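Chemist: Submitted below is the structure of interest, expressed as structure tokens.
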There are 2 protein chains.
Amino acid sequence: MRVVVNKIGEDWIFLFLLGCIMAMLSFLMDFCILHLLEAHNVMYEEAARIHPALQVTTWIVYPIILILFSTYFVHMVAPNAIGSGIPEMKTILRGVILKEYLTFRTLLSKMVGLTTSLGSGLPFGKEGPFVHIASIVATLLSKSISSFRGIYENESRNNEMLAAAAATGVACTFAAPIGGVLFSIEVTATYFAVRNYWRGFFSAACAAILFRLCAIWFEDENTVTAIFRTTLRHEFPFDAAEFLCFAGIGTKDALQWLGGSSVCVAPSKFVFLMRKNKRFSGFLQSYRFIYPLIVTSIITAATCPQSLGQYMGGGITFRRALSDFFANVTWSDKYNEMLTIDEQIIIARWDNPSIWVSLVTYMMFIFLMSAVAITLPVPSGVFIPVFAMGAAFGRLVGEAMYVFFPNGINNGYSIYQVIPAGYAVVGAAALSGAVTRTISTSMIVFEMTGQLSHLLPAVLAVLIANAVANILQPSIYDSIIQIKRLPYLPNLLPNNSSAHRTMAEDIMVKDVKIISHESTTYEDIRSLLSQNEGLRAFPLVENKSKYVNKFSVFKYECLLVM
Amino acid sequence: MRVVVNKIGEDWIFLFLLGCIMAMLSFLMDFCILHLLEAHNVMYEEAARIHPALQVTTWIVYPIILILFSTYFVHMVAPNAIGSGIPEMKTILRGVILKEYLTFRTLLSKMVGLTTSLGSGLPFGKEGPFVHIASIVATLLSKSISSFRGIYENESRNNEMLAAAAATGVACTFAAPIGGVLFSIEVTATYFAVRNYWRGFFSAACAAILFRLCAIWFEDENTVTAIFRTTLRHEFPFDAAEFLCFAGIGTKDALQWLGGSSVCVAPSKFVFLMRKNKRFSGFLQSYRFIYPLIVTSIITAATCPQSLGQYMGGGITFRRALSDFFANVTWSDKYNEMLTIDEQIIIARWDNPSIWVSLVTYMMFIFLMSAVAITLPVPSGVFIPVFAMGAAFGRLVGEAMYVFFPNGINNGYSIYQVIPAGYAVVGAAALSGAVTRTISTSMIVFEMTGQLSHLLPAVLAVLIANAVANILQPSIYDSIIQIKRLPYLPNLLPNNSSAHRTMAEDIMVKDVKIISHESTTYEDIRSLLSQNEGLRAFPLVENKSKYVNKFSVFKYECLLVM
């Protein structure tokens, strides 16, 4: 056994196992989530037979129970499981040790919590938490099996494996191995070891392949295909002139994110600040279920098909909504006689009162909902809601294009119809790219849809969205790191060439408060402490005069914290 | 002007310019190459009217003239332009300064030389040289425009820009921005700065978009699409059971490369050794056109449609051959009544005497030819020939699968036909991946064909091909670095976890030959020199006894050279 392991290389066996386990976990969770969502639908429809009021009650109460269960479970087992996990993994991969963050208790807490919170139908994603889950599985695997213990013991090697695990986590969520590897590079690393790229790729490919094979073996899939497979025309996917419009989507998405990011970040900032406030924190401690209860009630009441829900697709799941946005049918063209019944159903779902109202309502609502939902104390990701928002916006622009050019665009040679679904693909890539501040989202979108026809427009839109978003706001993960005050070393002017002209001196504090053995009096210390309440440590030196103005400290607070 | 530049960031303007210039250069060169190739065909057909012998002569002499011109031009202007350029760029990016390698003379030499050598129709690629060209353009741009001079002056920043240029070079060859960035990461870097990824992406996207827009503006393309666009069925691209076969392609491709790599590397090794041999080198110096003349004559005589050429598609270009391999038509199914005329032409081209013979001959021949052609003193890349070889092999396997399962594969639910073109895509990715030892080839293949339907099989095949190839042979670029004895720092056990257990002591030379001031006699030095002819330097120490067995030197020769 040992000989075989040594021959192949324990790393590769480790990565293979990691990929397979993650694929199985991902599939299992999807299976449970799907059944939870279906149960909700069945109960909702059964309740209609008894009384309409009961129907509404079912719609509202079922998610509340699941969210409260998730809150309770996570709180009892391991509160570390709350949130996305990517900000924390970023911190860990830069060398900080977060206690209890990669334990079995956290794994259990995250998995059960995530399944129930996603099963509730609230606007959460599963991709951030899966990066966390994959990292835990990698850590447990290296700790528990003696052949792999070497991985855990060597710090740099352990970090390599954690980076590969991050790629695996993304890959088995979206069946997107290439996008997963790129995403993990962009999100977790500053400097990336290329040999690690191979590890990530291998593990991610194993995970993605097994994940899709599971869908064949246990579900109704016929073969290995993409998750949201599109069937767009690829003979002439778009006219060159449409590039302008795709670039517009990128800019608009970025602006949307900017304008809204305050809305998105503000509530979570609010909650975290409130937690600092002792009275409010004490209130949350004693009645920890009040806040989730209120938030979930509001959201579910609003999405209910009897209320606002009817104006945004009838409270359907993200998966269904994304399929609708990516469906190769022009919604504005509803009187076309060639439409199939499936296509008519899709249009009917969104044509109430009109597709424009539906799409705008959907976008606004997901936006507000996900901003609030992110503050709930349950495991949750932000990627899929943002992705759906982007797709909705893209679909909106695409439909508008169709209305402006109902007869297609004439490029001098021939006339081609606008494909609104292509705009949806580009919009999804651009908005999720702007929010996570990555380019790999374009790749993830292609792997999810299985079509590359809109490669160049999507790359263009993502680049523009990133550039615009970069000017004003850090990425969602960096924002969360700042809000949670995780001990994280920030990038120094990361995307600017002026970094090459910045000297160490420029970012140091010259006026350092010093306490000295010889000359500092009790009075000095008192005034020092009263004047500098924010400082948590003072350097203690022997001779003050020796150090004044020769002693500097990095400006960044996080360095002080560390 | 200066304010605007500072506002946007000079880097981004620089990268934008770089992308645009490269796209234009690439398009211009493609245009010239295409016309050179067409001129060859026209002359060949015109000559047929006069005399068949003249026809054969035209076929053979035309490439010889071009290759000889290329040899002469490159030799006169800048011999640094010979070869691929990727090995040299790897060396430069690790900090070695190669004199005269990034000058305008080299650019001119490389561009003219490459255009003529590719125009001759010999099995060269344009992707390696384009990485070199992009690097030169980046260097010249930063040197010549005063706003960008800061880039050139700061070494690490200059390296960042060179890495971005490598990505741009690949992107504008294949219109593959994502694959280009990944390829440049894998090929050039050991540790990769993530902020560089953005630069590469931006520049590569500019280049790819403009490159394809040029095709619309100046050629007959209707819109922005992939270069070798495939139209494979994507409802059910392949059955899960076919995974086994795809994995087989990976293994087989890697073995083919291994078995053949000796053949492929041996001739160039031979030539470089011969150059060391003074008499042969003197012969080459005096008659430098003899070797290219002989090699080109043999190759063109063999590819001539009157000789062996008829058994391998009739001496068609790579571009045509690749389109044939990726065409969505089953060659074995030649009596199908649904075939279009275009499809019948493709089958007729390869069905002489049978598709099996044609494909095997084509593969073998490209293999031998490219091994010999690589030793010619002209600018040349190796990627496209390898790519075509892989596609031919994949097509072979695919056609064989069709013959074994003429009625399609029954997966329990329904019956689906085998798509041989899908196998060609997977084979191309796997073989080029094994040769360059990268995974990004899978991405480049998708971007070239514009279809993602075979994503997971291609990733699987590439991974297997890489793993098998890794065991025995370094990548083609590392082989060339070793053959050319470039001063390159090798990876220490790059893909093995044992690197974490290797101490500095383990790779050092303990028994160092020392000369000391005090105790070394003239006799000692004489014997030292005669016994150690290979050594080029001896440490000079004061007191010998102090250093013996306490003094170590790194084993790797390149460190001594540096």
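Residues in the structure tokens are numbered from 1 in each chain, the chains being A, B, ... in the order shown, and ligands are numbered from 1 in the order shown.
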Enumerate as a PyMOL selection string all residues of segment 377-425 of chain B assigned to strand (DSSP E or B) by DSSP on the backbone, naming them with the chain letters and numbers the document uses.
Modeler: chain B and resi 379+381+409-410+415-416
Chemist: Can you write out the residues you just picked, keeping N, CA and C atoms, as a PDB file, in the first residue's frame?
Modeler:
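Saved file again38.pdb follows:
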ATOM      1  N   PRO B 379      12.678  31.334 -38.230  1.00  0.00           N
ATOM      2  CA  PRO B 379      11.702  31.448 -37.145  1.00  0.00           C
ATOM      3  C   PRO B 379      10.595  30.410 -37.324  1.00  0.00           C
ATOM      4  N   GLY B 381       7.427  27.896 -35.055  1.00  0.00           N
ATOM      5  CA  GLY B 381       6.799  27.419 -33.842  1.00  0.00           C
ATOM      6  C   GLY B 381       6.453  25.956 -33.981  1.00  0.00           C
ATOM      7  N   ILE B 409     -24.228   4.534 -29.551  1.00  0.00           N
ATOM      8  CA  ILE B 409     -24.043   3.930 -28.244  1.00  0.00           C
ATOM      9  C   ILE B 409     -25.361   3.981 -27.495  1.00  0.00           C
ATOM     10  N   ASN B 410     -25.748   2.857 -26.959  1.00  0.00           N
ATOM     11  CA  ASN B 410     -27.002   2.770 -26.223  1.00  0.00           C
ATOM     12  C   ASN B 410     -26.692   2.922 -24.749  1.00  0.00           C
ATOM     13  N   ILE B 415     -30.339   6.070 -27.923  1.00  0.00           N
ATOM     14  CA  ILE B 415     -29.159   5.717 -28.701  1.00  0.00           C
ATOM     15  C   ILE B 415     -28.614   6.978 -29.356  1.00  0.00           C
ATOM     16  N   TYR B 416     -27.330   7.193 -29.207  1.00  0.00           N
ATOM     17  CA  TYR B 416     -26.738   8.381 -29.798  1.00  0.00           C
ATOM     18  C   TYR B 416     -25.555   8.015 -30.671  1.00  0.00           C
TER      19      TYR B 416
END
Chemist: For Asn80 of chain B, work out the shell of residues within 12 Å, counting only C-alpha atoms and skipping chain neighbours fewer than 6 positions away, then give it as a PyMOL selection string.
Modeler: chain B and resi 71+73-74+88-89+98-110+113+129+132-133+136+377-379
Chemist: With only C-alpha atoms as the atoms that count, which of A:Val357, A:Ile67, A:Thr436, A:Phe202 lies nearest to Pro292 of chain A?
Modeler: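 Closest to Pro292 of chain A of all the choices is A:Ile67.
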Chemist: Excluding same-chain residues fewer than 2 positions from segment 18-20 of chain A, what lies within 8 Å of it counting only C-alpha atoms, as number ranges by chain?
Modeler: A: 14-16, 22-24, 134, 137-138, 141, 165, 168, 203-208, 210
Chemist: From the list A:Glu186, A:Asp342, A:Glu127, A:Glu542, which residue is nearest chain B when using only C-alpha atoms?
Modeler: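 The answer is A:Glu186, which sits nearest to chain B.
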Chemist: Interatomic distance between atom CA of Ala424 of chain B and atom CA of Glu399 of chain B?
Modeler: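 The value is 9.6 Å.
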Chemist: Skip Ala164 of chain B itself and residues of its chain fewer than 3 positions away, then list as a list in words all residues within 7 Å of it, counting only C-alpha atoms.
Modeler: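 The residues satisfying every condition are Glu160, Met161, Ala167, Thr168, Asn196, Arg199, Gly200 and Ser203 of chain B.
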Chemist: Would you save the residues from that selection as a PDB file, in the first residue's frame, using N, CA and C atoms?
Modeler:
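The new file result23.pdb reads:
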ATOM      1  N   GLU B 160       6.716  42.205 -15.604  1.00  0.00           N
ATOM      2  CA  GLU B 160       5.253  42.083 -15.602  1.00  0.00           C
ATOM      3  C   GLU B 160       4.703  42.336 -16.997  1.00  0.00           C
ATOM      4  N   MET B 161       5.249  43.366 -17.644  1.00  0.00           N
ATOM      5  CA  MET B 161       4.753  43.713 -18.964  1.00  0.00           C
ATOM      6  C   MET B 161       5.137  42.637 -19.983  1.00  0.00           C
ATOM      7  N   ALA B 167       1.053  36.614 -23.068  1.00  0.00           N
ATOM      8  CA  ALA B 167      -0.368  36.268 -23.172  1.00  0.00           C
ATOM      9  C   ALA B 167      -0.975  36.874 -24.431  1.00  0.00           C
ATOM     10  N   THR B 168      -0.598  38.126 -24.709  1.00  0.00           N
ATOM     11  CA  THR B 168      -1.126  38.800 -25.893  1.00  0.00           C
ATOM     12  C   THR B 168      -0.708  38.073 -27.163  1.00  0.00           C
ATOM     13  N   ASN B 196      -0.836  40.580 -12.239  1.00  0.00           N
ATOM     14  CA  ASN B 196      -0.362  40.463 -13.604  1.00  0.00           C
ATOM     15  C   ASN B 196      -1.392  39.805 -14.509  1.00  0.00           C
ATOM     16  N   ARG B 199      -3.476  42.323 -16.133  1.00  0.00           N
ATOM     17  CA  ARG B 199      -2.799  42.982 -17.247  1.00  0.00           C
ATOM     18  C   ARG B 199      -2.859  42.099 -18.478  1.00  0.00           C
ATOM     19  N   GLY B 200      -2.478  40.821 -18.279  1.00  0.00           N
ATOM     20  CA  GLY B 200      -2.471  39.889 -19.396  1.00  0.00           C
ATOM     21  C   GLY B 200      -3.849  39.779 -20.020  1.00  0.00           C
ATOM     22  N   SER B 203      -4.865  43.031 -22.028  1.00  0.00           N
ATOM     23  CA  SER B 203      -4.144  43.149 -23.286  1.00  0.00           C
ATOM     24  C   SER B 203      -4.567  42.050 -24.254  1.00  0.00           C
TER      25      SER B 203
END
Chemist: Would you pick out the contacts of Ser440 of chain B at 6 Å or less, using only C-alpha atoms, so that residues sharing its chain but fewer than 3 positions from it are not included, and give the list as a PDB file with N, CA and C atoms, in the first residue's frame?
Modeler:
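What landed in around04.pdb:
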ATOM      1  N   GLY B 179      -7.331  31.277 -22.950  1.00  0.00           N
ATOM      2  CA  GLY B 179      -6.281  30.282 -23.142  1.00  0.00           C
ATOM      3  C   GLY B 179      -4.908  30.923 -23.217  1.00  0.00           C
ATOM      4  N   LEU B 182      -3.703  31.797 -19.710  1.00  0.00           N
ATOM      5  CA  LEU B 182      -3.330  30.590 -18.974  1.00  0.00           C
ATOM      6  C   LEU B 182      -2.031  30.017 -19.522  1.00  0.00           C
ATOM      7  N   PHE B 183      -1.925  29.979 -20.836  1.00  0.00           N
ATOM      8  CA  PHE B 183      -0.731  29.424 -21.461  1.00  0.00           C
ATOM      9  C   PHE B 183       0.499  30.213 -21.024  1.00  0.00           C
ATOM     10  N   MET B 443      -8.191  24.820 -23.044  1.00  0.00           N
ATOM     11  CA  MET B 443      -8.922  26.081 -23.185  1.00  0.00           C
ATOM     12  C   MET B 443      -8.709  26.676 -24.567  1.00  0.00           C
TER      13      MET B 443
END
Chemist: Mind checking which residues fall within 10 Å of Leu34 of chain A, counting only C-alpha atoms, ignoring those fewer than 6 positions away in the same chain, and posting them as a PDB file with N, CA and C atoms, in the first residue's frame?
Modeler:
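Dumped everything to out09.pdb:
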ATOM      1  N   LEU A  28     -24.963  15.297  -3.100  1.00  0.00           N
ATOM      2  CA  LEU A  28     -25.858  14.946  -1.997  1.00  0.00           C
ATOM      3  C   LEU A  28     -26.614  16.178  -1.506  1.00  0.00           C
ATOM      4  N   HIS A  40     -41.664  22.167  -0.366  1.00  0.00           N
ATOM      5  CA  HIS A  40     -42.321  23.460  -0.183  1.00  0.00           C
ATOM      6  C   HIS A  40     -43.416  23.666  -1.232  1.00  0.00           C
ATOM      7  N   THR A 115     -27.610  23.399   3.757  1.00  0.00           N
ATOM      8  CA  THR A 115     -28.699  22.664   3.115  1.00  0.00           C
ATOM      9  C   THR A 115     -30.050  23.249   3.509  1.00  0.00           C
ATOM     10  N   LEU A 118     -30.449  26.964   2.114  1.00  0.00           N
ATOM     11  CA  LEU A 118     -30.730  26.985   0.680  1.00  0.00           C
ATOM     12  C   LEU A 118     -32.089  26.360   0.395  1.00  0.00           C
ATOM     13  N   GLY A 119     -32.437  25.347   1.166  1.00  0.00           N
ATOM     14  CA  GLY A 119     -33.731  24.686   0.981  1.00  0.00           C
ATOM     15  C   GLY A 119     -34.898  25.609   1.254  1.00  0.00           C
ATOM     16  N   GLY A 121     -35.225  28.503   0.082  1.00  0.00           N
ATOM     17  CA  GLY A 121     -35.541  29.277  -1.118  1.00  0.00           C
ATOM     18  C   GLY A 121     -35.126  30.727  -1.026  1.00  0.00           C
ATOM     19  N   THR A 317     -37.453  29.340  -8.150  1.00  0.00           N
ATOM     20  CA  THR A 317     -36.092  29.175  -7.629  1.00  0.00           C
ATOM     21  C   THR A 317     -35.084  29.816  -8.584  1.00  0.00           C
TER      22      THR A 317
END
Chemist: How many Å lie between atom CA of Ile82 of chain B and atom CA of Val131 of chain B, rounded to one decimal?
Modeler: 13.3 Å
Chemist: Nearest to Leu17 of chain A: which of A:Leu140, A:Ala458, A:Ile480, A:Leu359 is it, counting only C-alpha atoms?
Modeler: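 Counting only C-alpha atoms, the residue closest to Leu17 of chain A is A:Leu140.
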Chemist: Taking 6 positions as the minimum chain separation for residues in the same chain, which residues sit within 10 Å of Asp478 of chain B when counting only C-alpha atoms? Answer as a PyMOL selection string.
Modeler: chain B and resi 86-87+90+187+436-437+484+486+488+490
Chemist: Those selected residues, please, written with N, CA and C atoms and delivered as a tab-separated table (two decimals), in the first residue's frame.
Modeler:
chain	number	residue	atom	x	y	z
B	86	ILE	N	9.90	30.94	-27.30
B	86	ILE	CA	9.35	30.71	-25.96
B	86	ILE	C	10.44	30.29	-24.97
B	87	PRO	N	11.36	29.36	-25.35
B	87	PRO	CA	12.42	29.02	-24.40
B	87	PRO	C	13.22	30.24	-23.98
B	90	LYS	N	11.23	32.38	-21.62
B	90	LYS	CA	11.23	31.78	-20.28
B	90	LYS	C	12.48	32.21	-19.53
B	187	VAL	N	3.57	28.55	-19.05
B	187	VAL	CA	4.83	28.37	-19.74
B	187	VAL	C	5.92	29.27	-19.17
B	436	THR	N	3.64	20.62	-24.78
B	436	THR	CA	4.03	21.86	-24.11
B	436	THR	C	3.92	21.73	-22.60
B	437	ARG	N	3.40	20.61	-22.15
B	437	ARG	CA	3.19	20.35	-20.72
B	437	ARG	C	2.36	21.45	-20.08
B	484	LYS	N	19.93	24.06	-26.08
B	484	LYS	CA	20.62	25.31	-26.40
B	484	LYS	C	21.51	25.77	-25.25
B	486	LEU	N	20.74	27.26	-22.54
B	486	LEU	CA	20.42	28.60	-22.07
B	486	LEU	C	20.60	28.64	-20.56
B	488	TYR	N	19.41	28.81	-17.56
B	488	TYR	CA	18.05	28.75	-17.00
B	488	TYR	C	18.08	27.99	-15.68
B	490	PRO	N	16.58	25.58	-13.32
B	490	PRO	CA	15.52	24.57	-13.45
B	490	PRO	C	14.64	24.53	-12.22
Chemist: Restricting the calculation to only C-alpha atoms, which member of B:Gly390, B:Pro177, B:Gly398, B:Gly422 is positioned closest to chain A?
Modeler: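 Under the stated criterion, the closest residue is B:Pro177.
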Chemist: With distances taken over only C-alpha atoms, which residue among B:Glu337, B:Glu523, B:Asp30, B:Glu447 lies nearest chain A?
Modeler: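 Of B:Glu337, B:Glu523, B:Asp30, B:Glu447, the one nearest chain A, counting only C-alpha atoms, is B:Glu447.
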Chemist: Mind giving me the straight-line distance from atom CA of Val181 of chain A to atom CA of Phe130 of chain B in Å, one decimal?
Modeler: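 Taking atom CA of Val181 of chain A as the start and atom CA of Phe130 of chain B as the end point, the length is 26.3 Å.
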Chemist: Which residue gives the smallest distance to chain A among B:Ile374, B:Ala327, B:Ala461, B:Ala301, with only C-alpha atoms counted?
Modeler: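 Comparing B:Ile374, B:Ala327, B:Ala461, B:Ala301 against chain A, the winner is B:Ala461.
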Chemist: If you run DSSP on the backbone here, which positions in segment 290-513 of chain A get alpha helix (DSSP H)? Please write them as a PyMOL selection string.
Modeler: chain A and resi 290-303+318-326+341-350+355-373+383-404+420-436+440-449+455-472+476-484
Chemist: Quick one: write out the picked residues with C-alpha atoms as a compact mmCIF listing (two decimals), in the first residue's frame?
Modeler:
# COMPACT_ATOMS: atom_id res chain seq x y z
CA ILE A 290 -35.88 37.41 16.42
CA TYR A 291 -33.76 38.97 13.68
CA PRO A 292 -33.81 35.96 11.29
CA LEU A 293 -37.52 35.57 11.99
CA ILE A 294 -38.30 39.15 11.02
CA VAL A 295 -36.06 39.18 7.94
CA THR A 296 -37.29 35.83 6.65
CA SER A 297 -40.93 36.78 7.18
CA ILE A 298 -40.52 39.97 5.22
CA ILE A 299 -38.71 38.26 2.36
CA THR A 300 -41.07 35.32 2.08
CA ALA A 301 -44.13 37.54 2.40
CA ALA A 302 -42.84 39.63 -0.47
CA THR A 303 -41.92 36.72 -2.75
CA PHE A 318 -32.82 30.59 -8.91
CA ARG A 319 -32.21 27.52 -10.97
CA ARG A 320 -35.51 27.91 -12.80
CA ALA A 321 -35.03 31.67 -13.17
CA LEU A 322 -31.56 31.20 -14.65
CA SER A 323 -32.86 28.62 -17.11
CA ASP A 324 -35.54 31.11 -18.12
CA PHE A 325 -33.05 33.94 -18.63
CA PHE A 326 -30.74 31.73 -20.66
CA ILE A 341 -45.38 25.06 -25.19
CA ASP A 342 -42.33 25.20 -22.91
CA GLU A 343 -41.38 28.54 -24.36
CA GLN A 344 -44.91 29.86 -23.96
CA ILE A 345 -44.83 28.83 -20.31
CA ILE A 346 -41.58 30.74 -19.78
CA ILE A 347 -42.98 33.88 -21.38
CA ALA A 348 -46.27 33.61 -19.49
CA ARG A 349 -44.34 33.38 -16.23
CA TRP A 350 -42.56 36.66 -16.82
CA ILE A 355 -41.71 41.46 -19.01
CA TRP A 356 -40.13 44.86 -18.34
CA VAL A 357 -41.83 45.27 -15.01
CA SER A 358 -41.13 41.65 -14.07
CA LEU A 359 -37.44 41.87 -14.87
CA VAL A 360 -36.91 45.19 -13.12
CA THR A 361 -38.87 44.03 -10.06
CA TYR A 362 -36.91 40.80 -10.00
CA MET A 363 -33.59 42.61 -10.18
CA MET A 364 -34.42 45.19 -7.55
CA PHE A 365 -35.89 42.60 -5.29
CA ILE A 366 -33.07 40.08 -5.47
CA PHE A 367 -30.77 42.99 -4.89
CA LEU A 368 -32.44 44.16 -1.70
CA MET A 369 -33.19 40.65 -0.52
CA SER A 370 -29.67 39.38 -0.91
CA ALA A 371 -28.32 42.49 0.81
CA VAL A 372 -30.49 41.74 3.81
CA ALA A 373 -30.19 37.98 3.65
CA PHE A 383 -22.48 34.49 -5.99
CA ILE A 384 -25.66 32.95 -7.36
CA PRO A 385 -27.99 35.85 -6.41
CA VAL A 386 -25.60 38.30 -8.03
CA PHE A 387 -25.33 36.01 -11.03
CA ALA A 388 -29.12 35.87 -11.38
CA MET A 389 -29.35 39.63 -11.02
CA GLY A 390 -26.82 40.09 -13.81
CA ALA A 391 -28.64 37.61 -16.03
CA ALA A 392 -31.92 39.44 -15.45
CA PHE A 393 -30.30 42.73 -16.37
CA GLY A 394 -28.72 41.22 -19.46
CA ARG A 395 -32.06 39.76 -20.50
CA LEU A 396 -33.63 43.20 -20.02
CA VAL A 397 -31.07 44.83 -22.31
CA GLY A 398 -31.37 42.00 -24.82
CA GLU A 399 -35.15 42.30 -24.97
CA ALA A 400 -34.81 46.07 -25.37
CA MET A 401 -32.39 45.49 -28.24
CA TYR A 402 -34.94 43.21 -29.84
CA VAL A 403 -37.61 45.86 -29.54
CA PHE A 404 -35.32 48.48 -31.09
CA PRO A 420 -31.56 38.22 -25.91
CA ALA A 421 -30.28 35.09 -24.12
CA GLY A 422 -26.75 35.99 -25.22
CA TYR A 423 -27.13 39.30 -23.44
CA ALA A 424 -28.27 37.46 -20.34
CA VAL A 425 -25.07 35.37 -20.41
CA VAL A 426 -22.92 38.48 -20.81
CA GLY A 427 -24.81 40.34 -18.08
CA ALA A 428 -24.44 37.48 -15.60
CA ALA A 429 -20.70 37.31 -16.23
CA ALA A 430 -20.24 41.07 -15.98
CA LEU A 431 -22.14 41.64 -12.76
CA SER A 432 -20.69 38.67 -10.90
CA GLY A 433 -17.28 39.71 -12.18
CA ALA A 434 -17.74 43.23 -10.84
CA VAL A 435 -18.94 42.04 -7.44
CA THR A 436 -16.24 39.44 -6.82
CA SER A 440 -12.88 34.10 -14.20
CA THR A 441 -16.63 34.60 -13.88
CA SER A 442 -16.70 34.82 -17.68
CA MET A 443 -15.21 31.33 -17.78
CA ILE A 444 -17.61 30.03 -15.13
CA VAL A 445 -20.54 31.35 -17.15
CA PHE A 446 -19.36 29.50 -20.25
CA GLU A 447 -18.85 26.29 -18.36
CA MET A 448 -22.28 26.60 -16.77
CA THR A 449 -24.01 27.27 -20.08
CA LEU A 455 -16.72 34.57 -25.46
CA LEU A 456 -15.31 37.90 -26.58
CA PRO A 457 -18.31 40.06 -25.58
CA ALA A 458 -18.37 38.50 -22.13
CA VAL A 459 -14.64 39.01 -21.62
CA LEU A 460 -15.00 42.61 -22.76
CA ALA A 461 -17.97 43.28 -20.49
CA VAL A 462 -16.26 41.67 -17.50
CA LEU A 463 -13.11 43.72 -18.05
CA ILE A 464 -15.07 46.96 -18.29
CA ALA A 465 -17.21 46.08 -15.29
CA ASN A 466 -14.08 45.30 -13.29
CA ALA A 467 -12.30 48.46 -14.33
CA VAL A 468 -15.26 50.67 -13.43
CA ALA A 469 -15.94 48.86 -10.16
CA ASN A 470 -12.28 48.95 -9.18
CA ILE A 471 -12.20 52.72 -9.03
CA LEU A 472 -14.49 53.08 -6.07
CA ILE A 476 -17.38 41.91 -1.83
CA TYR A 477 -14.89 39.58 -0.13
CA ASP A 478 -12.54 42.41 0.79
CA SER A 479 -15.50 44.42 2.06
CA ILE A 480 -16.53 41.55 4.32
CA ILE A 481 -12.94 41.20 5.51
CA GLN A 482 -12.93 44.88 6.42
CA ILE A 483 -16.33 44.71 8.09
CA LYS A 484 -15.45 41.62 10.10
